[in-house]
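Next up, coords-v2.cif (mmCIF, C-alpha atoms and all ligand atoms):
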```
data_protein
#
loop_
_atom_site.label_atom_id
_atom_site.label_comp_id
_atom_site.auth_asym_id
_atom_site.auth_seq_id
_atom_site.Cartn_x
_atom_site.Cartn_y
_atom_site.Cartn_z
CA MET R 268 67.45 66.05 67.72
CA THR R 269 69.50 68.60 69.64
CA SER R 270 71.25 66.11 71.91
CA GLY R 271 73.86 65.19 69.30
CA LEU R 272 73.08 61.52 69.89
CA ASP R 273 71.88 61.03 66.32
CA ARG R 274 75.54 60.96 65.22
CA VAL R 275 76.27 57.87 67.29
CA LEU R 276 72.90 56.10 67.38
CA ARG R 277 71.96 53.48 64.82
CA TYR R 278 68.30 53.75 63.82
CA VAL R 279 66.41 50.65 62.74
CA ASP R 280 62.88 50.60 61.27
CA ALA R 281 60.44 48.51 63.27
CA PRO R 282 59.16 45.41 61.47
CA LEU R 283 55.68 44.02 62.06
CA VAL R 284 55.58 41.38 64.78
CA THR R 285 54.69 37.95 63.40
CA ASP R 286 51.70 36.03 64.69
CA GLU R 287 54.05 33.30 65.93
CA GLN R 288 55.90 35.87 68.07
CA LEU R 289 52.69 37.51 69.31
CA LEU R 290 50.92 34.26 70.13
CA ARG R 291 53.62 33.27 72.61
CA VAL R 292 52.00 35.65 75.11
CA HIS R 293 48.51 36.44 73.76
CA PRO R 294 45.95 33.80 72.68
CA ALA R 295 44.75 33.87 69.06
CA GLU R 296 41.19 34.66 70.18
CA TYR R 297 42.45 37.80 71.91
CA VAL R 298 44.38 38.97 68.85
CA ASP R 299 41.27 38.31 66.73
CA THR R 300 39.16 40.38 69.13
CA ILE R 301 41.58 43.31 68.88
CA ARG R 302 41.68 43.03 65.10
CA ALA R 303 37.88 43.00 64.92
CA ALA R 304 37.65 46.10 67.11
CA ILE R 305 39.76 48.27 64.78
CA PRO R 306 37.44 50.72 62.98
CA ASP R 307 37.66 51.46 59.25
CA SER R 308 37.34 55.15 60.06
CA GLY R 309 36.98 57.27 63.16
CA TYR R 310 37.70 55.83 66.59
CA ALA R 311 36.73 52.91 68.80
CA ARG R 312 37.45 52.12 72.46
CA LEU R 313 39.04 48.90 73.72
CA ASP R 314 38.58 50.15 77.28
CA PRO R 315 37.80 53.62 78.70
CA ASP R 316 41.45 54.71 78.20
CA THR R 317 42.41 52.82 75.08
CA VAL R 318 41.18 54.51 71.94
CA VAL R 319 42.06 53.00 68.56
CA GLY R 320 41.83 54.25 64.99
CA PRO R 321 42.26 52.59 61.59
CA LYS R 322 46.09 52.48 61.83
CA SER R 323 46.33 51.41 65.48
CA LEU R 324 46.76 47.71 64.74
CA GLN R 325 49.71 48.43 62.50
CA ALA R 326 51.26 50.66 65.17
CA ALA R 327 50.81 47.95 67.80
CA TYR R 328 52.30 45.29 65.50
CA ARG R 329 55.31 47.53 64.87
CA ALA R 330 55.76 48.34 68.56
CA ALA R 331 55.95 44.66 69.45
CA GLY R 332 57.96 43.97 66.31
CA ALA R 333 60.52 46.59 67.32
CA ALA R 334 61.09 44.88 70.65
CA VAL R 335 61.54 41.50 68.96
CA ALA R 336 63.92 42.94 66.36
CA ALA R 337 65.91 44.55 69.17
CA VAL R 338 66.34 41.14 70.80
CA ASP R 339 67.62 39.70 67.51
CA LEU R 340 70.09 42.57 67.03
CA VAL R 341 71.43 42.22 70.56
CA MET R 342 71.58 38.41 70.52
CA SER R 343 73.44 38.46 67.19
CA GLY R 344 76.01 40.80 68.71
CA GLU R 345 75.26 43.59 66.24
CA MET R 346 74.28 45.79 69.17
CA GLU R 347 75.03 45.48 72.85
CA SER R 348 71.81 47.21 73.81
CA ALA R 349 68.79 48.80 72.15
CA PHE R 350 66.07 51.28 73.04
CA CYS R 351 62.66 51.04 71.38
CA GLY R 352 60.90 54.42 71.23
CA VAL R 353 57.50 52.96 70.49
CA ARG R 354 53.82 53.73 70.88
CA PRO R 355 51.51 52.22 71.95
CA PRO R 356 53.12 51.12 75.22
CA GLY R 357 52.54 47.57 76.40
CA HIS R 358 52.90 46.74 80.08
CA HIS R 359 49.20 47.03 80.98
CA ALA R 360 48.13 44.54 78.29
CA GLU R 361 47.33 41.28 80.02
CA ARG R 362 47.23 37.92 78.27
CA THR R 363 43.57 38.47 77.30
CA ARG R 364 42.83 42.09 78.16
CA SER R 365 43.86 45.42 76.64
CA MET R 366 43.87 48.44 78.90
CA GLY R 367 45.71 51.64 79.81
CA PHE R 368 46.68 52.58 76.21
CA CYS R 369 48.16 49.07 75.71
CA MET R 370 47.13 46.47 73.13
CA PHE R 371 49.97 43.94 73.20
CA ASP R 372 52.60 43.61 75.94
CA ASN R 373 55.67 44.58 73.91
CA ILE R 374 58.25 43.75 76.59
CA ALA R 375 56.62 40.36 77.26
CA VAL R 376 56.59 39.53 73.55
CA ALA R 377 60.30 40.39 73.43
CA ALA R 378 61.18 38.39 76.55
CA ALA R 379 59.21 35.37 75.29
CA HIS R 380 61.13 35.65 72.01
CA ALA R 381 64.46 35.58 73.87
CA LEU R 382 63.38 32.45 75.74
CA ALA R 383 61.89 30.60 72.76
CA GLU R 384 64.24 31.61 69.97
CA TYR R 385 67.56 31.65 71.82
CA GLY R 386 66.94 29.14 74.58
CA LEU R 387 67.79 31.54 77.37
CA GLU R 388 67.03 30.21 80.82
CA ARG R 389 66.95 33.41 82.88
CA VAL R 390 65.75 36.82 81.74
CA ALA R 391 64.90 39.78 83.92
CA ILE R 392 62.34 42.48 83.25
CA VAL R 393 62.65 45.67 85.29
CA ASP R 394 59.80 48.16 85.19
CA PHE R 395 60.17 51.65 86.66
CA ASP R 396 57.01 53.12 85.10
CA VAL R 397 54.92 54.76 87.82
CA HIS R 398 52.01 52.45 87.04
CA HIS R 399 52.12 48.77 87.90
CA GLY R 400 52.99 46.49 84.99
CA ASN R 401 49.95 44.30 85.53
CA GLY R 402 50.14 42.85 82.03
CA THR R 403 53.72 41.66 82.40
CA GLU R 404 52.94 40.27 85.85
CA ASP R 405 49.90 38.42 84.47
CA ILE R 406 51.76 36.93 81.52
CA PHE R 407 54.82 35.69 83.44
CA ARG R 408 53.19 34.88 86.75
CA ASP R 409 54.04 31.17 86.47
CA GLU R 410 57.21 31.48 84.40
CA ASP R 411 60.28 30.68 86.51
CA ARG R 412 62.66 31.75 83.74
CA VAL R 413 61.50 35.38 84.08
CA LEU R 414 62.25 37.61 87.06
CA PHE R 415 59.94 40.64 87.06
CA CYS R 416 61.05 43.57 89.23
CA SER R 417 58.84 46.63 89.44
CA THR R 418 58.27 49.84 91.36
CA PHE R 419 54.98 51.70 91.10
CA GLU R 420 52.76 54.14 92.93
CA HIS R 421 50.27 52.29 95.12
CA PRO R 422 47.34 52.45 95.49
CA PHE R 423 46.99 53.80 91.96
CA TYR R 424 46.03 52.81 88.44
CA PRO R 425 45.70 49.95 87.37
CA PHE R 426 44.69 48.99 90.94
CA THR R 427 46.00 45.43 90.73
CA PRO R 428 46.12 43.72 94.12
CA LEU R 429 49.56 43.27 95.65
CA LEU R 430 50.31 39.57 95.25
CA GLY R 431 53.42 39.53 97.44
CA ASN R 432 56.94 38.78 96.35
CA THR R 433 58.10 35.40 95.10
CA ALA R 434 61.25 33.96 93.56
CA ASN R 435 60.29 35.47 90.20
CA ARG R 436 58.38 38.59 91.23
CA ILE R 437 59.69 41.59 93.18
CA SER R 438 56.96 44.23 93.40
CA VAL R 439 57.79 47.34 95.40
CA PRO R 440 54.85 49.72 95.91
CA LEU R 441 55.70 53.38 96.43
CA ASP R 442 53.68 55.83 98.48
CA ALA R 443 52.15 58.75 96.56
CA ASN R 444 54.60 61.04 98.38
CA ALA R 445 57.64 59.04 97.32
CA LYS R 446 60.64 60.90 95.97
CA SER R 447 64.23 60.01 95.08
CA GLU R 448 65.11 58.54 98.44
CA GLU R 449 62.23 56.06 98.55
CA PHE R 450 62.67 55.03 94.92
CA ARG R 451 66.41 54.47 95.26
CA ALA R 452 65.91 52.54 98.49
CA ALA R 453 63.35 50.30 96.75
CA VAL R 454 65.78 49.53 93.95
CA THR R 455 68.79 49.07 96.22
CA GLU R 456 67.12 47.00 98.90
CA HIS R 457 64.72 44.90 96.80
CA TRP R 458 65.58 44.82 93.10
CA LEU R 459 69.35 44.63 93.15
CA PRO R 460 69.78 41.69 95.56
CA ALA R 461 67.18 39.68 93.64
CA LEU R 462 68.73 40.54 90.28
CA SER R 463 72.26 39.74 91.47
CA ALA R 464 71.13 36.36 92.81
CA PHE R 465 69.09 35.54 89.67
CA ARG R 466 71.98 36.32 87.29
CA PRO R 467 69.87 37.15 84.24
CA GLU R 468 71.27 36.34 80.81
CA PHE R 469 69.32 39.23 79.30
CA VAL R 470 67.83 42.35 80.89
CA PHE R 471 64.63 43.95 79.61
CA VAL R 472 63.47 47.38 80.73
CA SER R 473 59.90 48.65 80.75
CA ALA R 474 61.10 52.25 80.64
CA GLY R 475 58.30 54.54 81.75
CA PHE R 476 59.20 58.09 82.74
CA ASP R 477 55.84 59.13 84.21
CA ALA R 478 57.15 59.07 87.79
CA HIS R 479 58.98 62.31 86.97
CA ARG R 480 58.00 65.23 89.18
CA ASP R 481 57.07 67.30 86.11
CA ASP R 482 54.69 64.58 84.83
CA ASP R 483 51.24 65.15 86.26
CA MET R 484 50.13 61.60 85.41
CA SER R 485 51.19 60.56 88.95
CA HIS R 486 52.12 61.87 92.37
CA VAL R 487 55.56 60.27 92.76
CA ALA R 488 58.21 62.93 92.17
CA LEU R 489 61.45 61.61 90.69
CA THR R 490 64.11 63.70 88.97
CA ASP R 491 66.23 63.39 85.84
CA ALA R 492 69.06 62.19 88.09
CA ASP R 493 66.95 59.31 89.40
CA PHE R 494 66.29 57.96 85.93
CA ARG R 495 70.00 58.25 85.11
CA TRP R 496 70.84 56.48 88.36
CA VAL R 497 68.46 53.56 87.85
CA SER R 498 69.69 53.19 84.27
CA GLU R 499 73.25 52.89 85.61
CA ARG R 500 72.20 50.21 88.09
CA ILE R 501 70.47 48.28 85.27
CA VAL R 502 73.62 48.45 83.14
CA ASP R 503 75.67 47.17 86.10
CA ILE R 504 73.36 44.16 86.41
CA ALA R 505 73.48 43.47 82.67
CA LYS R 506 77.28 43.68 82.60
CA ALA R 507 77.61 41.34 85.58
CA SER R 508 75.76 38.36 84.08
CA ALA R 509 74.25 39.21 80.69
CA SER R 510 77.27 40.43 78.68
CA GLY R 511 75.68 43.87 78.84
CA ARG R 512 72.62 42.74 76.85
CA ILE R 513 69.72 45.17 77.39
CA VAL R 514 66.54 45.86 75.43
CA SER R 515 64.64 48.83 76.79
CA VAL R 516 61.13 49.63 75.60
CA LEU R 517 59.31 52.91 76.19
CA GLU R 518 56.21 52.72 78.37
CA GLY R 519 54.68 55.84 79.92
CA GLY R 520 55.91 59.42 79.88
CA TYR R 521 53.51 62.26 79.19
CA GLU R 522 55.32 65.52 80.00
CA LEU R 523 57.29 65.88 76.84
CA ASN R 524 60.17 68.02 78.12
CA SER R 525 61.14 65.74 81.00
CA LEU R 526 60.41 62.70 78.83
CA ALA R 527 62.89 63.89 76.17
CA ARG R 528 65.59 64.69 78.74
CA CYS R 529 65.20 61.41 80.60
CA VAL R 530 65.10 59.24 77.47
CA GLU R 531 68.29 60.95 76.34
CA ALA R 532 69.95 60.32 79.71
CA HIS R 533 68.75 56.69 79.66
CA ILE R 534 70.16 56.11 76.17
CA ARG R 535 73.47 57.76 77.11
CA VAL R 536 73.84 55.38 80.03
CA LEU R 537 72.96 52.36 77.88
CA MET R 538 75.63 53.45 75.38
CA GLY R 539 78.20 54.20 78.05
CA ILE R 540 78.36 57.86 77.06
CA HIS R 541 78.73 59.93 80.17
CA SER R 542 77.61 63.51 79.98
ZN ZN R 601 52.66 54.67 83.34
#
```
As structure tokens, how would this structure be written, given the file I've shared?
Amino acid sequence: MTSGLDRVLRYVDAPLVTDEQLLRVHPAEYVDTIRAAIPDSGYARLDPDTVVGPKSLQAAYRAAGAAVAAVDLVMSGEMESAFCGVRPPGHHAERTRSMGFCMFDNIAVAAAHALAEYGLERVAIVDFDVHHGNGTEDIFRDEDRVLFCSTFEHPFYPFTPLLGNTANRISVPLDANAKSEEFRAAVTEHWLPALSAFRPEFVFVSAGFDAHRDDDMSHVALTDADFRWVSERIVDIAKASASGRIVSVLEGGYELNSLARCVEAHIRVLMGIHS
């Protein structure tokens, strides 16, 4: 790593998620279906986008396990915040449906762990991936202890209908032409008032960087500075009511140069290192 961050970061190996942790958000029949679909060799498709190989189940178990372990490290006070650089991503995985490269909803598994294991009463999930976090929305639709704030290009994959905002859901669609100004206005005018009023005890981040202008997975054109800016706002929210507790989990991001720069900037902000 050329950023120099490896001298100050603490790396932790991702454990496998346990069935107890996974089954808080996905039914056993769904997990069994995924397990049965894993091929002994070659590849299989869970949906047109989601291709799996023999080791994919282990990768998915470790991705969700990383997010759970991050919650434990932050709740124990060993870390103030943690970033999980995992694949596969998770936010498109609904309670009973895998799609969009996602098998299990990592951020939802982590948030459910914080609620069940530590008795938290209010957790927030913010999702700035350019695609709508339909899985997270599906899983926590009727969960008052979770506030889900998202921005996403619309209309666009995964083509979920806009359900309208409620006390625990702030969805802000962005036009395909949206740039910094529209994104920052969405966060400032919609996310931040809701988050301030909700006073989360823990802040989760579905950190997708595919809204970057160099990432041709979408049309929205954000810059490195926008991802730094939204990371700063998230830290402000976490410091105000959650003792700074943040677990951020990688979602999308497909242009590797901008992805590397923006993840580095995101981690620097989480650590309070200002470049
Ligand atoms: Zn995405």
With distances taken over all atoms listed in the file, the candidate from R:His541, R:His399, R:Arg408, R:Arg495 nearest ligand ZN 601 (chain R) is R:His399
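Closest approach to ligand ZN 601 (chain R) among R:Leu430, R:Asp491, R:Ala505, R:Phe368: R:Phe368, based on all atoms listed in the file.
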I want to know what sits within 10 Å of Leu526 of chain R, based on all atoms listed in the file, with residues of the same chain fewer than 4 positions away left out; could you give that as a list in words?
Gly475, Phe476, Asp477, His479, Asp481, Asp482, Asp491, Gly519, Gly520, Tyr521, Glu522, Val530, Glu531 and Ala532 of chain R
For ligand ZN 601 (chain R), return the neighbouring residues as a ChimeraX atom specification (distance at most 10 Å; all atoms listed in the file).
/R:356-359,367-368,394-400,419-420,424-425,473-478,484-485,517-521
Given the choices R:Asp280, R:Glu345, R:Val413, R:Asp405, which gets closest to Leu387 of chain R if the distance is worked out from all atoms listed in the file?
R:Val413
Work out how far apart atom CA of Ser508 of chain R and atom CA of Ala379 of chain R are and give it in Å to one decimal.
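Pair atom CA of Ser508 of chain R / atom CA of Ala379 of chain R returns 19.0 Å.
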Using all atoms listed in the file, find the one residue out of R:Ala336, R:Ala507, R:Leu441, R:Ala488 that sits nearest to Ala464 of chain R.
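Closest to Ala464 of chain R, using all atoms listed in the file: R:Ala507.
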Find the spatial neighbours of Val279 of chain R, counting all atoms listed in the file, within a cut-off of 10 Å - ignore same-chain residues fewer than 6 positions away - and output them as a list in words.
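Here the qualifying residues turn out to be Ala333, Ala336, Ala337, Leu340, Ala349 and Cys351 of chain R.
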